[in-house]
Amino acid sequence: MNTMLAGRLRLDTRTFAVEEVPMPVPGPGEVLVEVRAAGVCLSDIHLIDGSLSPFYPVDAVKDSGVITPGHEVAGVVHTIGPDVKGDWTPGRRVVLQAGQACGECADCLRHALCRQPRTRGVDYDGGWAQYALAREDTLLPIPDHLPFDQAAIIPDAVSTPYAAIVDTGAVRPAQAVGIWGAGGLGAHGIRLARLVGAAPVIAVDPLPSARERALLFGADHALDPMAGDFAEAVREATAGRGIDVAFDFAGVGAARTQATAALGPNGVLVLAGLTPEPLTVADSIDFCFNVRQIRGHYGSEPEHVEQLVGLVAAGRIDLGPSVSAHIPLAEAADAVARLEKKIGDPIRLVLTP
């Protein structure tokens with residue numbers, strides 16, 4: 001039996017280790033992909049530390065209680081399973097969508113948009129491995145000039161803020177945008193807000209290094225949320241009108257409270273970072289009088305990933321600076337520790353089998 005290296009998380013004990021496991025065999029409609037790059041996301045850390053659990057796990061995960069993390073994956077087609085209808089010839093370069101519709105529940109049968117999507121690396125095995133299975137409808141071809149590490153981080157690290165900005169936030173040119181958190185999601189949010197014409201783009205982060213990076217990524221202002229003159233700085237940056245669309249990419253309760261207070265008339269707060277902390281609106285009368293809104297956001301849709309592949313391939317976005325380091329798959333536990341402790345303040349760490 002052929003074997004491979006894979007990061008394996010035991011869900012009962014939340015213990016993680018890279019192990020030698022049997023190489024998966026593609027079933028009907030599936031393709032086996034040789035992984036060339038896999039991103040390390042804060043969601044992976046939450047899965048490992050127990051603050052995130054599988055939402056709709058497949059039977060194999062339910063039965064074994066073990067899963068391979070990793071939802072940001074790019075590689076080449078290795079083996080094609082039976083009944084594959086697409087042109088997925090071996091060697092074709094691909095990026096994998098971060099999840100898939102379950103294909104079983106009533107919502108999948110009634111609607112094109114599944115309301116119970118399964119997430120790669122959370123509900124079924126992901127890409128922290130030398131090889132990964134993918135349903136053929138979750139594959140997207142990538143051009144030869146798009147590096148695997150940049151392609152890998154498009155699902156989630158780039159597509160989540162992209163969907164938040166262009167769809168949920170519906171940012172329009174010349175709107176004042178605030179980005180709370182300049183990490184893995186927020187750093188891309190800054191670049192994407194600038195891409196769609198937001199002005200000014202205001203980054204908010206307590207880390208000096210993150211604020212410096214925010215300016216390099218295109219922010220017009222980078223503010224310290226702990227500064228005593230923070231509110232005045234926002235008023236000055238927005239010519240007194242306040243922020244039109246604010247994004248919480250940090251998943252921090254205090255950031256959401258501060259962002260809500262910074263909104264101008266008709267301002268919108270988009271909750272893109274995940275946290276179980278409650279959201280408090282200090283003055284709900286003022287909030288309603290100014291017709292402000294709070295909108296929830298989660299992930300992205302397949303078309304967002306496809307659009308981003310096109311934008312990156314066309315040179316509209318350079319994701320090279322987003323890859324903070326390449327780490328061998330065998331050292332995945334070290335990558336987890338580095339991201340968890342914010343060693344080097346990484347945007348995205350990428351595992352390379």
# chains A, B, ... in the order shown; residues from 1 in each chain; ligands from 1
call {"tool": "select_by_dssp", "arguments": {"residues": "segment 156-224 of chain A", "states": "helix (DSSP H, G or I)", "output": "ChimeraX atom specification"}}
result
/A:156-168,186-195,208-216
call {"tool": "residues_around", "arguments": {"residues": "segment 51-54 of chain A", "least_positions_apart": "6", "cutoff": "12 Å", "atoms": "only C-alpha atoms", "output": "MDAnalysis selection string"}}
result
chainID A and resid 9:12 14 42:45 61:62 65:69 116:125 274:276
call {"tool": "write_last_selection", "arguments": {"atoms": "N, CA, C and O atoms", "output": "tab-separated table (two decimals), in the first residue's frame"}}
result
chain	number	residue	atom	x	y	z
A	9	LEU	N	-5.06	15.42	13.14
A	9	LEU	CA	-5.57	15.98	14.39
A	9	LEU	C	-6.58	15.03	14.99
A	9	LEU	O	-7.59	14.70	14.35
A	10	ARG	N	-6.34	14.61	16.23
A	10	ARG	CA	-7.29	13.80	16.98
A	10	ARG	C	-8.25	14.73	17.71
A	10	ARG	O	-7.84	15.47	18.59
A	11	LEU	N	-9.52	14.65	17.31
A	11	LEU	CA	-10.48	15.63	17.77
A	11	LEU	C	-10.84	15.46	19.25
A	11	LEU	O	-11.26	16.43	19.89
A	12	ASP	N	-10.68	14.26	19.80
A	12	ASP	CA	-11.04	14.08	21.21
A	12	ASP	C	-10.01	14.70	22.14
A	12	ASP	O	-10.34	15.33	23.15
A	14	ARG	N	-7.44	16.75	20.82
A	14	ARG	CA	-6.87	17.91	20.14
A	14	ARG	C	-5.35	17.83	20.07
A	14	ARG	O	-4.65	18.83	20.20
A	42	LEU	N	-5.63	30.91	10.67
A	42	LEU	CA	-6.02	30.98	12.08
A	42	LEU	C	-7.17	30.02	12.38
A	42	LEU	O	-7.29	29.52	13.51
A	43	SER	N	-8.01	29.72	11.38
A	43	SER	CA	-9.07	28.74	11.59
A	43	SER	C	-8.49	27.36	11.89
A	43	SER	O	-9.07	26.59	12.67
A	44	ASP	N	-7.37	27.04	11.25
A	44	ASP	CA	-6.70	25.77	11.55
A	44	ASP	C	-6.25	25.74	13.01
A	44	ASP	O	-6.36	24.71	13.69
A	45	ILE	N	-5.75	26.87	13.49
A	45	ILE	CA	-5.32	26.95	14.89
A	45	ILE	C	-6.51	26.77	15.81
A	45	ILE	O	-6.44	26.06	16.82
A	61	VAL	N	-14.81	11.01	9.26
A	61	VAL	CA	-14.34	11.83	10.39
A	61	VAL	C	-15.11	11.47	11.65
A	61	VAL	O	-14.54	11.36	12.74
A	62	LYS	N	-16.42	11.27	11.53
A	62	LYS	CA	-17.23	10.86	12.68
A	62	LYS	C	-16.72	9.55	13.27
A	62	LYS	O	-16.60	9.39	14.49
A	65	GLY	N	-12.70	10.07	14.29
A	65	GLY	CA	-12.37	11.17	15.19
A	65	GLY	C	-11.04	11.82	14.86
A	65	GLY	O	-10.45	12.51	15.69
A	66	VAL	N	-10.57	11.63	13.63
A	66	VAL	CA	-9.28	12.17	13.20
A	66	VAL	C	-9.48	12.90	11.86
A	66	VAL	O	-10.25	12.43	11.02
A	67	ILE	N	-8.78	14.01	11.70
A	67	ILE	CA	-8.91	14.76	10.46
A	67	ILE	C	-7.58	15.40	10.08
A	67	ILE	O	-6.75	15.71	10.94
A	68	THR	N	-7.39	15.56	8.77
A	68	THR	CA	-6.25	16.31	8.26
A	68	THR	C	-6.68	17.74	8.01
A	68	THR	O	-7.58	17.98	7.20
A	69	PRO	N	-6.10	18.74	8.71
A	69	PRO	CA	-6.49	20.13	8.49
A	69	PRO	C	-6.01	20.64	7.13
A	69	PRO	O	-5.30	19.96	6.39
A	116	GLN	N	-25.55	24.39	4.20
A	116	GLN	CA	-24.79	23.57	5.12
A	116	GLN	C	-23.52	23.06	4.42
A	116	GLN	O	-23.35	21.86	4.22
A	117	PRO	N	-22.65	23.98	4.01
A	117	PRO	CA	-21.45	23.56	3.29
A	117	PRO	C	-20.48	22.83	4.20
A	117	PRO	O	-20.40	23.10	5.40
A	118	ARG	N	-19.76	21.92	3.63
A	118	ARG	CA	-18.70	21.24	4.37
A	118	ARG	C	-17.38	21.91	4.04
A	118	ARG	O	-17.09	22.21	2.88
A	119	THR	N	-16.59	22.13	5.07
A	119	THR	CA	-15.33	22.83	4.91
A	119	THR	C	-14.18	21.85	4.84
A	119	THR	O	-14.06	20.96	5.69
A	120	ARG	N	-13.33	22.03	3.82
A	120	ARG	CA	-12.15	21.19	3.68
A	120	ARG	C	-11.25	21.39	4.90
A	120	ARG	O	-11.01	22.51	5.35
A	121	GLY	N	-10.75	20.30	5.43
A	121	GLY	CA	-9.87	20.38	6.57
A	121	GLY	C	-10.57	20.60	7.90
A	121	GLY	O	-9.92	20.69	8.94
A	122	VAL	N	-11.91	20.68	7.86
A	122	VAL	CA	-12.71	20.80	9.08
A	122	VAL	C	-13.74	19.67	9.14
A	122	VAL	O	-13.84	18.95	10.13
A	123	ASP	N	-14.50	19.52	8.06
A	123	ASP	CA	-15.52	18.47	7.99
A	123	ASP	C	-15.04	17.24	7.21
A	123	ASP	O	-15.61	16.17	7.35
A	124	TYR	N	-14.02	17.41	6.39
A	124	TYR	CA	-13.41	16.29	5.68
A	124	TYR	C	-11.93	16.61	5.49
A	124	TYR	O	-11.52	17.76	5.66
A	125	ASP	N	-11.15	15.60	5.15
A	125	ASP	CA	-9.69	15.77	5.13
A	125	ASP	C	-9.25	16.88	4.18
A	125	ASP	O	-9.73	16.99	3.05
A	274	LEU	N	-14.15	35.83	13.26
A	274	LEU	CA	-15.04	35.00	14.08
A	274	LEU	C	-14.66	35.09	15.55
A	274	LEU	O	-13.49	34.99	15.92
A	275	THR	N	-15.66	35.29	16.40
A	275	THR	CA	-15.47	35.29	17.84
A	275	THR	C	-16.80	34.99	18.52
A	275	THR	O	-17.86	35.41	18.02
A	276	PRO	N	-16.79	34.26	19.64
A	276	PRO	CA	-18.04	34.03	20.37
A	276	PRO	C	-18.43	35.21	21.27
A	276	PRO	O	-19.49	35.19	21.88
call {"tool": "atom_distance", "arguments": {"atom1": "atom CA of Val177 of chain A", "atom2": "atom CA of Val268 of chain A"}}
result
9.7 Å
call {"tool": "closest_atom_pairs", "arguments": {"of": "segment 213-285 of chain A", "to": "segment 179-199 of chain A", "cutoff": "10 Å", "atoms": "only C-alpha atoms", "output": "CSV"}}
result
residue,atom,partner,partner_atom,distance
A:Arg213,CA,A:Ala187,CA,7.8
A:Ala214,CA,A:Ala182,CA,6.3
A:Leu215,CA,A:Ile190,CA,9.0
A:Leu216,CA,A:Arg191,CA,9.5
A:Phe217,CA,A:Arg191,CA,5.8
A:Gly218,CA,A:Arg191,CA,5.9
A:Ala219,CA,A:Ile190,CA,6.1
A:Asp220,CA,A:Ala199,CA,7.9
A:Ala222,CA,A:Ile179,CA,9.3
A:Leu223,CA,A:Trp180,CA,9.5
A:Pro225,CA,A:Trp180,CA,8.8
A:Ala237,CA,A:Ala199,CA,9.7
A:Thr238,CA,A:Ala199,CA,8.8
A:Asp244,CA,A:Ala198,CA,9.7
A:Val245,CA,A:Ile179,CA,8.8
A:Ala246,CA,A:Ile179,CA,6.1
A:Phe247,CA,A:Ile179,CA,5.1
A:Asp248,CA,A:Trp180,CA,5.0
A:Phe249,CA,A:Gly181,CA,5.3
A:Ala250,CA,A:Gly181,CA,4.6
A:Gly251,CA,A:Gly181,CA,8.3
A:Val252,CA,A:Gly181,CA,8.9
A:Ala255,CA,A:Trp180,CA,6.5
A:Arg256,CA,A:Trp180,CA,8.2
A:Gln258,CA,A:Trp180,CA,9.2
A:Ala259,CA,A:Trp180,CA,7.5
A:Val270,CA,A:Ile179,CA,9.9
A:Ala272,CA,A:Leu185,CA,8.8
A:Gly273,CA,A:Leu185,CA,8.3
call {"tool": "select_by_dssp", "arguments": {"residues": "segment 109-322 of chain A", "states": "strand (DSSP E)", "output": "PyMOL selection string"}}
result
chain A and resi 118-119+131-135+139-141+177-180+201-204+221-223+243-248+263-271+293-296
call {"tool": "write_last_selection", "arguments": {"atoms": "N, CA, C and O atoms", "output": "short mmCIF file (atom, residue, chain, number, x, y, z; two decimals), in the first residue's frame"}}
result
data_model
loop_
_atom_site.label_atom_id
_atom_site.label_comp_id
_atom_site.auth_asym_id
_atom_site.auth_seq_id
_atom_site.Cartn_x
_atom_site.Cartn_y
_atom_site.Cartn_z
N ARG A 118 -19.76 21.92 3.63
CA ARG A 118 -18.70 21.24 4.37
C ARG A 118 -17.38 21.91 4.04
O ARG A 118 -17.09 22.21 2.88
N THR A 119 -16.59 22.13 5.07
CA THR A 119 -15.33 22.83 4.91
C THR A 119 -14.18 21.85 4.84
O THR A 119 -14.06 20.96 5.69
N TYR A 131 -0.78 14.42 -0.51
CA TYR A 131 -1.83 14.24 -1.50
C TYR A 131 -3.18 14.53 -0.84
O TYR A 131 -3.35 14.28 0.36
N ALA A 132 -4.12 15.06 -1.62
CA ALA A 132 -5.44 15.37 -1.10
C ALA A 132 -6.51 15.01 -2.12
O ALA A 132 -6.32 15.22 -3.33
N LEU A 133 -7.61 14.47 -1.62
CA LEU A 133 -8.74 14.18 -2.48
C LEU A 133 -9.58 15.42 -2.68
O LEU A 133 -9.73 16.25 -1.78
N ALA A 134 -10.15 15.56 -3.88
CA ALA A 134 -11.04 16.69 -4.16
C ALA A 134 -12.14 16.24 -5.09
O ALA A 134 -11.89 15.52 -6.07
N ARG A 135 -13.38 16.60 -4.77
CA ARG A 135 -14.46 16.38 -5.70
C ARG A 135 -14.20 17.26 -6.92
O ARG A 135 -13.79 18.42 -6.76
N LEU A 139 -12.50 21.81 -8.03
CA LEU A 139 -11.21 22.12 -8.63
C LEU A 139 -11.34 23.34 -9.56
O LEU A 139 -12.34 23.52 -10.24
N LEU A 140 -10.29 24.15 -9.56
CA LEU A 140 -10.23 25.29 -10.47
C LEU A 140 -8.85 25.33 -11.09
O LEU A 140 -7.85 25.34 -10.36
N PRO A 141 -8.74 25.33 -12.42
CA PRO A 141 -7.42 25.38 -13.04
C PRO A 141 -6.74 26.72 -12.81
O PRO A 141 -7.41 27.75 -12.71
N VAL A 177 -13.29 53.49 4.29
CA VAL A 177 -13.32 52.11 4.78
C VAL A 177 -12.35 51.95 5.95
O VAL A 177 -11.21 52.44 5.88
N GLY A 178 -12.81 51.30 6.99
CA GLY A 178 -11.96 50.98 8.13
C GLY A 178 -11.72 49.49 8.21
O GLY A 178 -12.65 48.69 8.07
N ILE A 179 -10.46 49.10 8.40
CA ILE A 179 -10.07 47.69 8.48
C ILE A 179 -9.50 47.45 9.88
O ILE A 179 -8.41 47.90 10.20
N TRP A 180 -10.26 46.76 10.72
CA TRP A 180 -9.77 46.41 12.06
C TRP A 180 -9.06 45.06 11.99
O TRP A 180 -9.67 44.04 11.67
N VAL A 201 -8.60 54.53 3.04
CA VAL A 201 -8.56 53.20 3.66
C VAL A 201 -7.81 53.34 4.98
O VAL A 201 -6.64 53.74 4.99
N ILE A 202 -8.50 53.06 6.07
CA ILE A 202 -7.94 53.26 7.41
C ILE A 202 -7.73 51.91 8.07
O ILE A 202 -8.68 51.16 8.31
N ALA A 203 -6.49 51.57 8.35
CA ALA A 203 -6.16 50.32 9.03
C ALA A 203 -6.05 50.59 10.53
O ALA A 203 -5.53 51.61 10.95
N VAL A 204 -6.54 49.63 11.33
CA VAL A 204 -6.51 49.77 12.78
C VAL A 204 -5.92 48.49 13.37
O VAL A 204 -6.48 47.40 13.19
N HIS A 221 -4.09 55.45 6.11
CA HIS A 221 -3.80 55.74 7.51
C HIS A 221 -3.70 54.42 8.26
O HIS A 221 -4.43 53.47 7.96
N ALA A 222 -2.83 54.36 9.25
CA ALA A 222 -2.70 53.18 10.11
C ALA A 222 -2.74 53.67 11.55
O ALA A 222 -1.81 54.35 12.00
N LEU A 223 -3.81 53.34 12.25
CA LEU A 223 -4.06 53.89 13.57
C LEU A 223 -3.92 52.84 14.66
O LEU A 223 -4.23 51.66 14.46
N ILE A 243 -16.67 56.65 9.27
CA ILE A 243 -16.40 55.54 8.35
C ILE A 243 -17.68 55.05 7.70
O ILE A 243 -18.70 54.86 8.37
N ASP A 244 -17.64 54.87 6.39
CA ASP A 244 -18.80 54.37 5.66
C ASP A 244 -18.98 52.87 5.83
O ASP A 244 -20.10 52.40 6.07
N VAL A 245 -17.90 52.11 5.68
CA VAL A 245 -17.97 50.66 5.85
C VAL A 245 -16.76 50.22 6.68
O VAL A 245 -15.62 50.47 6.30
N ALA A 246 -17.04 49.59 7.81
CA ALA A 246 -15.99 49.09 8.70
C ALA A 246 -15.99 47.57 8.67
O ALA A 246 -17.06 46.95 8.60
N PHE A 247 -14.80 46.99 8.72
CA PHE A 247 -14.67 45.54 8.69
C PHE A 247 -13.90 45.07 9.92
O PHE A 247 -12.80 45.56 10.20
N ASP A 248 -14.49 44.13 10.65
CA ASP A 248 -13.76 43.48 11.72
C ASP A 248 -13.16 42.20 11.16
O ASP A 248 -13.86 41.20 10.97
N LEU A 263 -18.54 54.56 13.00
CA LEU A 263 -19.36 54.64 11.80
C LEU A 263 -19.99 56.01 11.63
O LEU A 263 -20.42 56.65 12.60
N GLY A 264 -20.07 56.44 10.38
CA GLY A 264 -20.78 57.67 10.06
C GLY A 264 -22.23 57.38 9.77
O GLY A 264 -22.71 56.24 9.91
N PRO A 265 -23.01 58.38 9.34
CA PRO A 265 -24.41 58.15 8.95
C PRO A 265 -24.51 57.09 7.86
O PRO A 265 -23.71 57.08 6.91
N ASN A 266 -25.47 56.18 8.01
CA ASN A 266 -25.68 55.07 7.07
C ASN A 266 -24.49 54.13 7.01
O ASN A 266 -24.35 53.35 6.06
N GLY A 267 -23.62 54.18 8.03
CA GLY A 267 -22.45 53.33 8.05
C GLY A 267 -22.79 51.86 8.30
O GLY A 267 -23.81 51.53 8.91
N VAL A 268 -21.93 50.99 7.79
CA VAL A 268 -22.13 49.54 7.90
C VAL A 268 -20.92 48.91 8.56
O VAL A 268 -19.77 49.21 8.19
N LEU A 269 -21.17 48.03 9.51
CA LEU A 269 -20.11 47.22 10.11
C LEU A 269 -20.27 45.79 9.62
O LEU A 269 -21.34 45.18 9.77
N VAL A 270 -19.21 45.24 9.03
CA VAL A 270 -19.21 43.86 8.55
C VAL A 270 -18.37 43.01 9.49
O VAL A 270 -17.19 43.30 9.72
N LEU A 271 -18.98 41.96 10.03
CA LEU A 271 -18.30 41.07 10.97
C LEU A 271 -17.71 39.90 10.19
O LEU A 271 -18.41 38.94 9.87
N GLN A 293 -25.91 49.88 10.16
CA GLN A 293 -26.21 48.45 10.03
C GLN A 293 -25.03 47.61 10.50
O GLN A 293 -23.87 48.05 10.43
N ILE A 294 -25.34 46.39 10.94
CA ILE A 294 -24.33 45.39 11.25
C ILE A 294 -24.65 44.16 10.42
O ILE A 294 -25.79 43.67 10.44
N ARG A 295 -23.68 43.68 9.66
CA ARG A 295 -23.90 42.53 8.77
C ARG A 295 -22.90 41.42 9.08
O ARG A 295 -21.70 41.67 9.22
N GLY A 296 -23.40 40.22 9.18
CA GLY A 296 -22.53 39.07 9.37
C GLY A 296 -21.95 38.60 8.05
O GLY A 296 -22.56 38.75 6.99
#
call {"tool": "closest_residue", "arguments": {"among": "A:Cys41, A:Leu329, A:Ile48, A:Ala231", "to": "Pro346 of chain A", "atoms": "only C-alpha atoms"}}
result
A:Cys41
